[in-house]
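Everything below belongs to target.cif, which stores mmCIF, C-alpha atoms.
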```
data_structure
#
loop_
_atom_site.label_atom_id
_atom_site.label_comp_id
_atom_site.auth_asym_id
_atom_site.auth_seq_id
_atom_site.Cartn_x
_atom_site.Cartn_y
_atom_site.Cartn_z
CA MET A 115 14.59 76.81 4.62
CA ALA A 116 16.96 75.89 7.37
CA TRP A 117 16.89 72.29 8.54
CA THR A 118 14.90 71.34 11.62
CA GLN A 119 16.72 69.54 14.41
CA GLU A 120 15.26 66.28 13.06
CA GLU A 121 16.64 67.05 9.61
CA ILE A 122 20.08 67.78 11.05
CA ALA A 123 19.93 64.39 12.77
CA ASP A 124 18.91 62.83 9.43
CA ALA A 125 21.95 64.43 7.77
CA VAL A 126 24.30 63.07 10.44
CA ALA A 127 22.76 59.59 10.30
CA ALA A 128 23.02 59.51 6.50
CA ASP A 129 26.80 60.04 6.71
CA ILE A 130 27.34 57.28 9.30
CA GLU A 131 28.66 54.12 7.67
CA ASP A 132 27.48 50.62 8.47
CA GLY A 133 29.92 48.77 10.68
CA TRP A 134 30.89 51.82 12.72
CA ILE A 135 31.08 52.00 16.50
CA LEU A 136 30.07 55.46 17.65
CA ASN A 137 29.23 57.56 20.66
CA LEU A 138 26.46 60.17 20.80
CA GLY A 139 26.98 63.10 23.14
CA VAL A 140 24.39 64.43 25.55
CA GLY A 141 21.90 66.89 24.05
CA MET A 142 21.29 67.32 20.34
CA PRO A 143 23.43 64.31 19.22
CA THR A 144 21.16 61.97 21.18
CA GLU A 145 18.58 62.66 18.48
CA VAL A 146 20.69 60.70 15.98
CA GLY A 147 20.24 57.48 17.96
CA ALA A 148 16.66 56.85 16.87
CA ARG A 149 17.91 56.67 13.26
CA LEU A 150 20.53 54.02 14.07
CA PHE A 151 18.91 51.34 16.23
CA ASP A 152 17.92 49.16 13.28
CA ARG A 153 21.19 49.70 11.43
CA ALA A 154 24.42 47.69 11.45
CA VAL A 155 26.19 50.07 13.82
CA LEU A 156 26.82 49.90 17.56
CA VAL A 157 26.21 52.90 19.80
CA HIS A 158 28.61 53.17 22.72
CA SER A 159 27.74 54.81 26.03
CA GLU A 160 30.78 55.78 28.09
CA ASN A 161 29.27 54.59 31.35
CA GLY A 162 29.84 51.08 30.03
CA ILE A 163 27.51 49.94 27.25
CA LEU A 164 28.38 48.94 23.71
CA GLY A 165 25.12 48.46 21.83
CA VAL A 166 22.64 51.04 23.12
CA GLY A 167 19.10 50.52 21.83
CA ALA A 168 15.88 52.47 21.78
CA PRO A 169 14.32 54.04 24.87
CA PRO A 170 12.38 51.48 26.95
CA ALA A 171 8.62 51.26 27.02
CA PRO A 172 7.06 52.98 30.04
CA GLY A 173 7.45 50.72 33.07
CA GLU A 174 10.34 48.80 31.47
CA GLU A 175 13.09 51.18 32.63
CA ASP A 176 16.14 49.57 34.23
CA PRO A 177 18.22 51.91 36.46
CA ASP A 178 21.37 50.01 35.46
CA ILE A 179 20.86 50.50 31.71
CA ILE A 180 21.22 54.24 31.16
CA ASP A 181 22.86 56.55 28.63
CA PRO A 182 25.48 59.22 29.40
CA GLY A 183 22.66 61.69 30.08
CA LYS A 184 21.36 59.18 32.68
CA ASN A 185 18.20 58.52 30.69
CA PRO A 186 16.96 54.92 30.65
CA VAL A 187 17.78 53.06 27.44
CA THR A 188 17.72 49.46 26.25
CA ILE A 189 20.41 47.31 24.67
CA VAL A 190 20.48 45.69 21.25
CA PRO A 191 21.24 42.00 20.58
CA GLY A 192 25.02 41.62 20.67
CA ALA A 193 25.49 44.35 23.27
CA ALA A 194 28.20 44.24 25.92
CA PHE A 195 28.59 45.86 29.33
CA MET A 196 32.01 46.95 30.56
CA ASP A 197 33.67 48.83 33.39
CA SER A 198 34.84 52.43 33.01
CA LEU A 199 38.44 51.45 32.28
CA THR A 200 37.43 49.25 29.36
CA SER A 201 34.97 51.88 28.19
CA PHE A 202 37.58 54.63 28.05
CA SER A 203 40.16 52.27 26.57
CA LEU A 204 37.64 51.78 23.77
CA ILE A 205 37.47 55.56 23.38
CA ARG A 206 41.12 56.57 23.65
CA GLY A 207 42.50 53.44 22.07
CA GLY A 208 41.12 54.32 18.64
CA HIS A 209 38.29 51.78 18.68
CA LEU A 210 35.55 54.38 18.32
CA ASP A 211 34.93 55.30 14.68
CA LEU A 212 32.99 58.42 15.54
CA ALA A 213 31.90 60.71 18.33
CA VAL A 214 29.05 63.11 17.61
CA MET A 215 29.24 65.98 20.08
CA GLY A 216 27.49 69.23 20.83
CA ALA A 217 29.42 72.49 20.92
CA PHE A 218 29.49 75.97 22.39
CA GLN A 219 32.13 76.86 19.80
CA VAL A 220 34.08 75.03 17.11
CA SER A 221 37.01 76.64 15.34
CA ALA A 222 38.03 76.46 11.69
CA SER A 223 41.11 74.55 12.84
CA GLY A 224 38.97 71.92 14.56
CA ASP A 225 39.23 73.09 18.16
CA LEU A 226 36.19 72.15 20.23
CA ALA A 227 34.75 74.04 23.21
CA ASN A 228 31.74 72.30 24.69
CA TRP A 229 32.04 71.96 28.45
CA ARG A 230 32.18 75.30 30.17
CA LEU A 231 31.05 78.84 29.45
CA PRO A 232 33.68 81.49 30.10
CA ASN A 233 33.50 83.52 33.31
CA ARG A 234 31.74 80.69 35.09
CA ARG A 235 33.33 78.55 37.75
CA GLY A 236 32.93 74.83 37.86
CA GLY A 237 31.66 73.29 34.66
CA ALA A 238 31.27 69.59 34.02
CA ILE A 239 33.59 67.75 31.65
CA GLY A 240 32.38 64.15 32.01
CA GLY A 241 33.78 62.02 29.20
CA ALA A 242 33.87 64.83 26.62
CA ALA A 243 37.62 65.50 26.70
CA ASP A 244 38.43 61.79 26.28
CA LEU A 245 35.89 61.37 23.49
CA ALA A 246 37.18 64.43 21.65
CA ALA A 247 40.83 63.45 22.06
CA GLY A 248 40.42 59.75 21.40
CA SER A 249 37.76 59.14 18.75
CA ARG A 250 38.89 58.46 15.21
CA ARG A 251 36.43 61.11 14.00
CA VAL A 252 34.74 63.94 15.87
CA TRP A 253 31.67 65.49 14.30
CA VAL A 254 29.84 68.39 15.87
CA MET A 255 26.07 68.74 15.77
CA THR A 256 24.88 72.14 16.91
CA THR A 257 22.85 75.21 16.13
CA HIS A 258 24.80 77.57 13.87
CA THR A 259 24.56 80.42 16.40
CA THR A 260 23.79 80.90 20.08
CA LYS A 261 20.34 81.95 21.23
CA ASP A 262 21.63 85.54 21.09
CA GLY A 263 22.79 85.11 17.50
CA ALA A 264 26.52 84.87 18.22
CA PRO A 265 28.38 82.59 15.78
CA LYS A 266 29.39 79.18 17.09
CA LEU A 267 31.62 78.46 14.07
CA VAL A 268 34.59 80.72 14.71
CA ARG A 269 38.20 81.42 13.74
CA GLU A 270 39.46 80.82 17.28
CA CYS A 271 37.50 79.52 20.23
CA THR A 272 37.30 81.97 23.12
CA TYR A 273 35.63 79.44 25.44
CA PRO A 274 37.65 76.84 27.41
CA LEU A 275 38.66 74.04 25.07
CA THR A 276 37.64 70.40 25.29
CA ALA A 277 40.31 69.34 22.77
CA ARG A 278 42.43 70.97 20.10
CA GLY A 279 42.31 70.27 16.36
CA VAL A 280 39.95 67.28 16.49
CA VAL A 281 36.69 68.25 14.78
CA THR A 282 36.49 67.31 11.11
CA ARG A 283 32.85 68.03 10.33
CA VAL A 284 30.05 70.27 11.60
CA TYR A 285 26.29 69.83 11.12
CA THR A 286 23.99 72.81 11.74
CA GLU A 287 20.55 73.92 10.58
CA LEU A 288 22.24 75.68 7.65
CA GLY A 289 24.11 72.69 6.28
CA THR A 290 27.09 70.37 6.59
CA PHE A 291 30.62 71.78 6.71
CA ASP A 292 34.05 70.21 6.65
CA VAL A 293 36.74 71.70 8.84
CA ALA A 294 39.50 72.28 6.30
CA GLU A 295 42.72 73.90 7.48
CA GLY A 296 41.36 77.17 8.74
CA VAL A 297 38.14 77.41 6.75
CA PHE A 298 34.70 75.83 6.92
CA ARG A 299 34.09 74.15 3.57
CA VAL A 300 30.47 73.65 2.52
CA VAL A 301 29.58 70.00 1.94
CA ARG A 302 25.88 70.67 1.48
CA LEU A 303 23.44 73.43 2.34
CA ALA A 304 19.90 73.14 3.62
CA PRO A 305 17.37 73.96 0.90
CA GLY A 306 17.14 77.67 0.15
CA VAL A 307 20.19 78.54 2.27
CA THR A 308 22.81 80.54 0.36
CA PRO A 309 26.55 80.77 1.01
CA ASP A 310 26.01 84.38 2.05
CA ASP A 311 23.44 83.27 4.63
CA VAL A 312 26.16 81.04 6.11
CA ARG A 313 28.85 83.73 5.95
CA ARG A 314 26.63 86.24 7.76
CA CYS A 315 26.45 84.06 10.87
CA THR A 316 29.89 82.44 10.75
CA ASP A 317 32.94 84.11 12.30
CA ALA A 318 35.43 82.41 9.96
CA ASP A 319 36.04 81.94 6.27
CA VAL A 320 33.45 79.80 4.51
CA GLU A 321 34.57 78.10 1.33
CA ILE A 322 32.24 76.80 -1.34
CA ALA A 323 33.48 73.67 -3.02
CA VAL A 324 33.82 73.95 -6.80
CA PRO A 325 30.65 72.51 -8.35
CA ARG A 326 31.26 69.29 -10.22
CA MET B 17 26.49 27.63 59.05
CA THR B 18 28.39 26.99 55.88
CA ALA B 19 32.02 26.27 55.19
CA SER B 20 32.83 29.87 54.47
CA THR B 21 30.94 31.43 57.41
CA GLY B 22 33.31 32.60 60.12
CA SER B 23 36.36 31.56 58.12
CA ALA B 24 39.41 33.78 58.27
CA LEU B 25 38.47 34.74 54.70
CA ASP B 26 34.87 35.63 55.58
CA LYS B 27 34.39 39.35 54.91
CA VAL B 28 30.72 39.74 55.75
CA VAL B 29 29.85 42.40 58.30
CA ALA B 30 26.40 42.82 59.81
CA SER B 31 25.49 46.37 58.84
CA VAL B 32 26.55 49.34 56.75
CA ASP B 33 27.07 51.33 59.97
CA GLU B 34 29.49 48.70 61.26
CA ALA B 35 31.21 48.65 57.87
CA VAL B 36 31.99 52.39 57.94
CA ALA B 37 32.53 52.74 61.70
CA ASP B 38 36.31 53.16 61.49
CA ILE B 39 36.42 55.67 58.63
CA GLU B 40 38.50 58.48 60.04
CA ASP B 41 38.55 62.25 59.70
CA GLY B 42 40.64 63.35 56.76
CA ALA B 43 39.97 60.17 54.79
CA THR B 44 40.01 60.00 51.01
CA ILE B 45 36.96 57.97 49.99
CA LEU B 46 36.45 56.48 46.53
CA VAL B 47 32.77 56.04 45.66
CA GLY B 48 31.57 53.95 42.71
CA GLY B 49 28.70 54.72 40.39
CA PHE B 50 27.70 56.66 37.31
CA GLY B 51 24.76 58.73 38.40
CA GLY B 52 22.56 56.37 40.39
CA SER B 53 23.77 53.31 38.52
CA GLY B 54 26.25 51.43 40.71
CA PHE B 55 26.06 54.11 43.39
CA PRO B 56 26.39 52.60 46.91
CA THR B 57 23.45 54.43 48.42
CA ALA B 58 23.24 52.51 51.70
CA LEU B 59 26.96 52.99 52.41
CA ARG B 60 26.67 56.68 51.58
CA GLU B 61 23.81 57.06 54.07
CA ALA B 62 25.85 55.25 56.73
CA LEU B 63 28.81 57.53 56.05
CA ILE B 64 26.63 60.62 56.43
CA ARG B 65 25.42 59.25 59.79
CA ARG B 66 29.03 58.79 60.87
CA ARG B 67 29.83 62.41 59.87
CA PRO B 68 33.58 62.20 59.29
CA ARG B 69 35.29 65.57 58.98
CA ARG B 70 37.59 67.02 56.31
CA ILE B 71 37.02 64.20 53.86
CA THR B 72 37.90 63.97 50.18
CA ILE B 73 35.36 62.24 47.96
CA VAL B 74 36.41 60.75 44.62
CA CYS B 75 33.31 59.94 42.57
CA ASN B 76 32.58 60.43 38.89
CA ASN B 77 29.30 62.21 39.61
CA ALA B 78 28.79 64.45 42.52
CA ASP B 79 25.45 64.17 44.23
CA PHE B 80 27.15 64.74 47.55
CA GLY B 81 25.12 67.53 49.05
CA GLY B 82 24.64 65.40 52.17
CA PHE B 83 28.33 65.76 53.01
CA VAL B 84 28.21 69.53 53.01
CA TYR B 85 28.20 70.16 56.75
CA ASP B 86 30.58 72.00 59.02
CA GLU B 87 34.08 70.62 58.34
CA GLY B 88 32.62 67.73 56.36
CA LEU B 89 33.55 67.51 52.71
CA VAL B 90 36.62 69.58 51.87
CA ARG B 91 37.59 68.22 48.46
CA MET B 92 35.66 66.67 45.59
CA VAL B 93 37.43 64.85 42.77
CA CYS B 94 35.06 64.14 39.89
CA SER B 95 34.33 64.64 36.21
CA TYR B 96 30.73 65.76 36.48
CA PRO B 97 29.81 67.82 39.57
CA VAL B 98 26.26 68.46 38.38
CA GLY B 99 23.37 66.22 39.32
CA ALA B 100 19.93 65.92 40.81
CA THR B 101 21.02 66.68 44.38
CA SER B 102 24.27 68.56 43.78
CA LYS B 103 22.99 72.07 44.60
CA PRO B 104 24.50 72.26 48.11
CA LEU B 105 27.78 70.96 46.73
CA LEU B 106 27.86 73.50 43.90
CA GLU B 107 27.10 76.27 46.39
CA ALA B 108 29.92 75.07 48.65
CA ILE B 109 32.31 75.01 45.69
CA GLU B 110 31.21 78.52 44.74
CA ALA B 111 31.71 79.66 48.35
CA GLY B 112 35.16 78.11 48.41
CA THR B 113 34.54 75.73 51.33
CA VAL B 114 34.84 72.68 49.05
CA GLU B 115 37.72 72.39 46.60
CA LEU B 116 36.71 70.92 43.23
CA GLN B 117 39.28 68.90 41.31
CA LEU B 118 37.65 68.44 37.94
CA THR B 119 39.16 65.52 36.02
CA PRO B 120 38.11 64.13 32.64
CA GLN B 121 36.26 60.87 33.21
CA GLY B 122 38.72 58.63 31.40
CA THR B 123 41.66 60.22 33.16
CA LEU B 124 39.91 59.74 36.50
CA ALA B 125 39.46 56.05 35.70
CA GLU B 126 43.09 55.62 34.68
CA ARG B 127 44.40 57.48 37.74
CA ILE B 128 42.43 55.17 40.00
CA ARG B 129 43.58 52.11 38.08
CA ALA B 130 47.19 53.29 38.40
CA GLY B 131 46.67 53.68 42.14
CA GLY B 132 45.34 50.16 42.40
CA ALA B 133 47.93 48.68 40.09
CA GLY B 134 51.03 50.00 41.81
CA LEU B 135 51.84 52.54 39.10
CA GLY B 136 52.88 56.14 39.69
CA GLY B 137 50.46 57.48 37.11
CA VAL B 138 49.60 57.37 33.43
CA LEU B 139 50.37 59.35 30.28
CA THR B 140 47.20 60.50 28.55
CA PRO B 141 46.53 62.57 25.42
CA THR B 142 43.24 63.72 26.95
CA GLY B 143 43.33 67.42 27.80
CA VAL B 144 46.54 68.26 25.92
CA GLY B 145 46.38 71.86 24.72
CA THR B 146 43.49 72.72 27.06
CA ASP B 147 43.04 74.12 30.57
CA PHE B 148 43.22 70.52 31.81
CA GLU B 149 46.99 70.78 31.39
CA ALA B 150 47.14 73.11 34.40
CA GLY B 151 49.11 71.54 37.22
CA HIS B 152 50.35 68.66 35.09
CA ASP B 153 53.75 67.93 33.66
CA THR B 154 53.75 66.93 30.01
CA VAL B 155 56.02 64.59 28.13
CA GLU B 156 56.52 63.93 24.43
CA LEU B 157 56.94 60.37 23.22
CA ASP B 158 57.21 59.43 19.53
CA GLY B 159 55.85 62.81 18.48
CA GLN B 160 52.75 62.74 20.69
CA ARG B 161 52.37 64.96 23.72
CA TYR B 162 50.85 63.49 26.88
CA LEU B 163 49.80 64.78 30.27
CA ILE B 164 51.23 62.99 33.26
CA ALA B 165 48.23 62.13 35.42
CA ARG B 166 49.23 60.98 38.88
CA ALA B 167 47.91 57.82 40.47
CA LEU B 168 45.00 58.22 42.86
CA ARG B 169 44.36 56.00 45.87
CA GLY B 170 41.78 56.05 48.62
CA ASP B 171 41.82 55.15 52.29
CA VAL B 172 38.41 53.64 51.66
CA ALA B 173 36.38 52.58 48.62
CA LEU B 174 32.59 52.22 48.71
CA VAL B 175 31.19 50.15 45.86
CA ARG B 176 27.92 48.45 44.96
CA ALA B 177 27.65 44.89 43.75
CA HIS B 178 24.69 42.84 42.68
CA VAL B 179 25.95 39.59 44.20
CA ALA B 180 28.87 39.11 46.56
CA ASP B 181 30.19 35.97 48.17
CA ARG B 182 31.64 35.70 51.66
CA TYR B 183 35.18 35.90 50.30
CA GLY B 184 34.43 39.25 48.70
CA ASN B 185 34.13 38.16 45.08
CA LEU B 186 31.76 40.60 43.40
CA VAL B 187 29.40 40.46 40.44
CA MET B 188 28.09 43.78 39.17
CA ARG B 189 24.89 44.25 37.26
CA HIS B 190 24.72 45.66 33.73
CA ALA B 191 26.12 49.20 33.40
CA ALA B 192 26.32 49.51 37.20
CA ARG B 193 29.83 48.04 36.94
CA ASN B 194 31.45 51.35 35.82
CA PHE B 195 33.98 52.55 38.43
CA GLY B 196 33.44 49.75 40.98
CA PRO B 197 36.12 47.27 39.85
CA LEU B 198 38.86 49.88 39.59
CA MET B 199 38.00 51.68 42.82
CA ALA B 200 37.95 48.36 44.66
CA MET B 201 41.59 47.88 43.65
CA ALA B 202 42.72 51.32 44.73
CA ALA B 203 41.79 51.63 48.40
CA THR B 204 43.29 50.45 51.68
CA VAL B 205 39.86 49.25 52.78
CA THR B 206 37.22 48.37 50.19
CA ILE B 207 33.64 48.01 51.37
CA ALA B 208 31.00 46.50 49.08
CA GLN B 209 27.26 46.65 49.55
CA ALA B 210 25.50 43.84 47.70
CA ALA B 211 21.87 43.08 47.00
CA ARG B 212 22.62 39.45 47.86
CA VAL B 213 25.47 37.70 49.67
CA VAL B 214 26.09 34.02 48.93
CA ASP B 215 28.49 31.41 50.23
CA ALA B 216 31.93 31.05 48.74
CA GLY B 217 31.72 28.77 45.73
CA GLU B 218 28.27 29.87 44.63
CA ILE B 219 29.52 32.46 42.13
CA ASP B 220 30.90 30.94 38.93
CA PRO B 221 34.59 31.99 38.96
CA ASP B 222 34.22 32.90 35.28
CA HIS B 223 31.59 35.49 36.23
CA VAL B 224 33.55 37.37 38.91
CA HIS B 225 34.03 41.07 38.07
CA VAL B 226 36.05 41.89 41.19
CA PRO B 227 38.18 39.17 42.78
CA GLY B 228 37.82 39.02 46.55
CA ALA B 229 41.46 40.00 47.09
CA PHE B 230 40.39 43.59 46.39
CA VAL B 231 37.49 43.56 48.84
CA ASP B 232 37.70 43.82 52.63
CA ARG B 233 34.09 44.06 53.82
CA VAL B 234 30.80 42.91 52.39
CA VAL B 235 27.35 44.00 53.58
CA GLU B 236 24.08 42.52 52.37
CA ILE B 237 21.52 45.25 51.67
CA GLY B 238 18.65 43.12 50.44
#
```
The structure given in the file should be rewritten as structure tokens.
Amino acid sequence: MAWTQEEIADAVAADIEDGWILNLGVGMPTEVGARLFDRAVLVHSENGILGVGAPPAPGEEDPDIIDPGKNPVTIVPGAAFMDSLTSFSLIRGGHLDLAVMGAFQVSASGDLANWRLPNRRGGAIGGAADLAAGSRRVWVMTTHTTKDGAPKLVRECTYPLTARGVVTRVYTELGTFDVAEGVFRVVRLAPGVTPDDVRRCTDADVEIAVPR
Amino acid sequence: MTASTGSALDKVVASVDEAVADIEDGATILVGGFGGSGFPTALREALIRRRPRRITIVCNNADFGGFVYDEGLVRMVCSYPVGATSKPLLEAIEAGTVELQLTPQGTLAERIRAGGAGLGGVLTPTGVGTDFEAGHDTVELDGQRYLIARALRGDVALVRAHVADRYGNLVMRHAARNFGPLMAMAATVTIAQAARVVDAGEIDPDHVHVPGAFVDRVVEIG
């Protein structure tokens, strides 16, 4: 059985180490937050919060404490507010241990495309390009394929890139995969998922680690 | 009447309409805020009433549908042109009447800082190897390639503070700080709307987010 979205979030959270400072992208990665608020990690929000906490109780929302998706959040004890310069210095300066981001496509060489669909004008980049270029680790959390069944894990991205060669790990409903020099290497598979299941919906080589 | 009222350093003006009255056609206007947080709503409304023509807005988010009128907004510099009220703007971009300059958020912040700090621009790794390289020179230093992102300045900056004093010292609230301090540095005329304006000396100098030297006009919104 493939993992549910909650189980993917569990898998991501289980690999996050205590002491890390991390940023959760808009969309699916936000789901990871609920698993971290009572742990010894600090969640960064690029609009200027280090130490994002759980969503507020109804009626307790503060318009000046919001996450990157502009949803009301709270702060944890030990949190700090900062201006955008400090916030992006934190990101690009190598102070962020991890960014978990969504993806339209991720390539086997670690290229990330997550801000604009091809053949569309406009698009919205926000802080994604800085997070992808600047974080010490970039993990992608996404569905394995698009709604139409097209692979999102590909040899080469055909969508406009957010950053090149930055993604080291991908979490989908089928399992966890390391980006390893041109192949996706299986770290673990969801229960009942076979390597062939993964290969069928991946447009790149999938390598199975030698069992220990 | 207090010591700071009416002083040559007193920056308080009576209304938002007075504060924006001399914004000219063709102006480049920096606007603080991340979504609604830190967004100077009252100054924006005053600016729409003034209806300047051919303006450039620099604002991280782009809920600027109100500026889409004949010969109003011509250029939008932002990282995220999608928001609750951005439909008219997106339609104008699609129609080609508004030019969108999409800039990664961190690069936008650094360009504004450079403008305010007297620098010509910054070197950033953000966007290297992507479409964001278009229109930029690149340079390699110590084996790392960088984009050269030019400094960005405004004729006017509109920012929101929680508390201001008469000398223009500003205190922002929580995550509403975002772009305000850097935009305040980078404009010829910086206008701050504040929920409360106090006399000089009432803000603890240790708590000032924007020193008054960067602020030209202060309006109390209440």
Check your understanding: Which residue out of A:Glu295, A:Asp310, A:Asp197, A:Glu287 has the minimum interatomic distance to chain B when all atoms listed in the file are used?
Key ->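 Nearest candidate to chain B out of A:Glu295, A:Asp310, A:Asp197, A:Glu287: A:Asp197.
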With the file shown as input, list the residues that the PyMOL selection byres ((chain A) within 6 of (chain B)) selects, as a JSON list (two decimals) with C-alpha atoms, keeping the file's coordinate frame.
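In the end it all went to result24.json:
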```
[["chain", "number", "residue", "atom", "x", "y", "z"],
["A", 161, "ASN", "CA", 29.27, 54.59, 31.35],
["A", 162, "GLY", "CA", 29.84, 51.08, 30.03],
["A", 178, "ASP", "CA", 21.37, 50.01, 35.46],
["A", 179, "ILE", "CA", 20.86, 50.50, 31.71],
["A", 195, "PHE", "CA", 28.59, 45.86, 29.33],
["A", 197, "ASP", "CA", 33.67, 48.83, 33.39],
["A", 198, "SER", "CA", 34.84, 52.43, 33.01],
["A", 199, "LEU", "CA", 38.44, 51.45, 32.28],
["A", 202, "PHE", "CA", 37.58, 54.63, 28.05],
["A", 238, "ALA", "CA", 31.27, 69.59, 34.02],
["A", 239, "ILE", "CA", 33.59, 67.75, 31.65],
["A", 240, "GLY", "CA", 32.38, 64.15, 32.01],
["A", 241, "GLY", "CA", 33.78, 62.02, 29.20],
["A", 243, "ALA", "CA", 37.62, 65.50, 26.70],
["A", 244, "ASP", "CA", 38.43, 61.79, 26.28],
["A", 247, "ALA", "CA", 40.83, 63.45, 22.06],
["A", 275, "LEU", "CA", 38.66, 74.04, 25.07]]
```
**Study point:** Residue contacts of Gly192 in chain A (10 Å, only C-alpha atoms) excluding same-chain residues fewer than 6 positions away, as a list in words
**Key:** Leu156, Leu164 and Gly165 of chain A
Check your understanding: In Å, how far is it from CA of Phe298 in chain A to CA of Ala318 in chain A?
Key ->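 If I compute the distance from CA of Phe298 in chain A to CA of Ala318 in chain A, I get 7.3 Å.
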Review point. Which residue gives the smallest distance to Gly141 in chain A among A:Pro232, A:Pro170, A:Gly216, A:Gly263, with all atoms listed in the file counted?
Key: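 Distance minimum relative to Gly141 in chain A lands on A:Gly216.
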Practice item. I need the residue set behind the PyMOL selection byres ((chain B and resi 214) around 7) for this file; please write it as an NGL selection string. Key: :B and (180-182 or 212-213 or 215-216 or 218)
Exercise for review: Dump as number ranges by chain all residues having an atom at most 10 Å from (44.6, 54.3, 42.8), computed in the file's coordinates with all atoms listed in the file.
Suggested key: B: 46, 124-137, 166-171, 198-204
Practice item. Tell me which residues the PyMOL selection byres ((chain A and resi 150) around 12) grabs here, as a ChimeraX atom specification. Key: /A:123-124,126-138,143-149,151-158,165-168,190
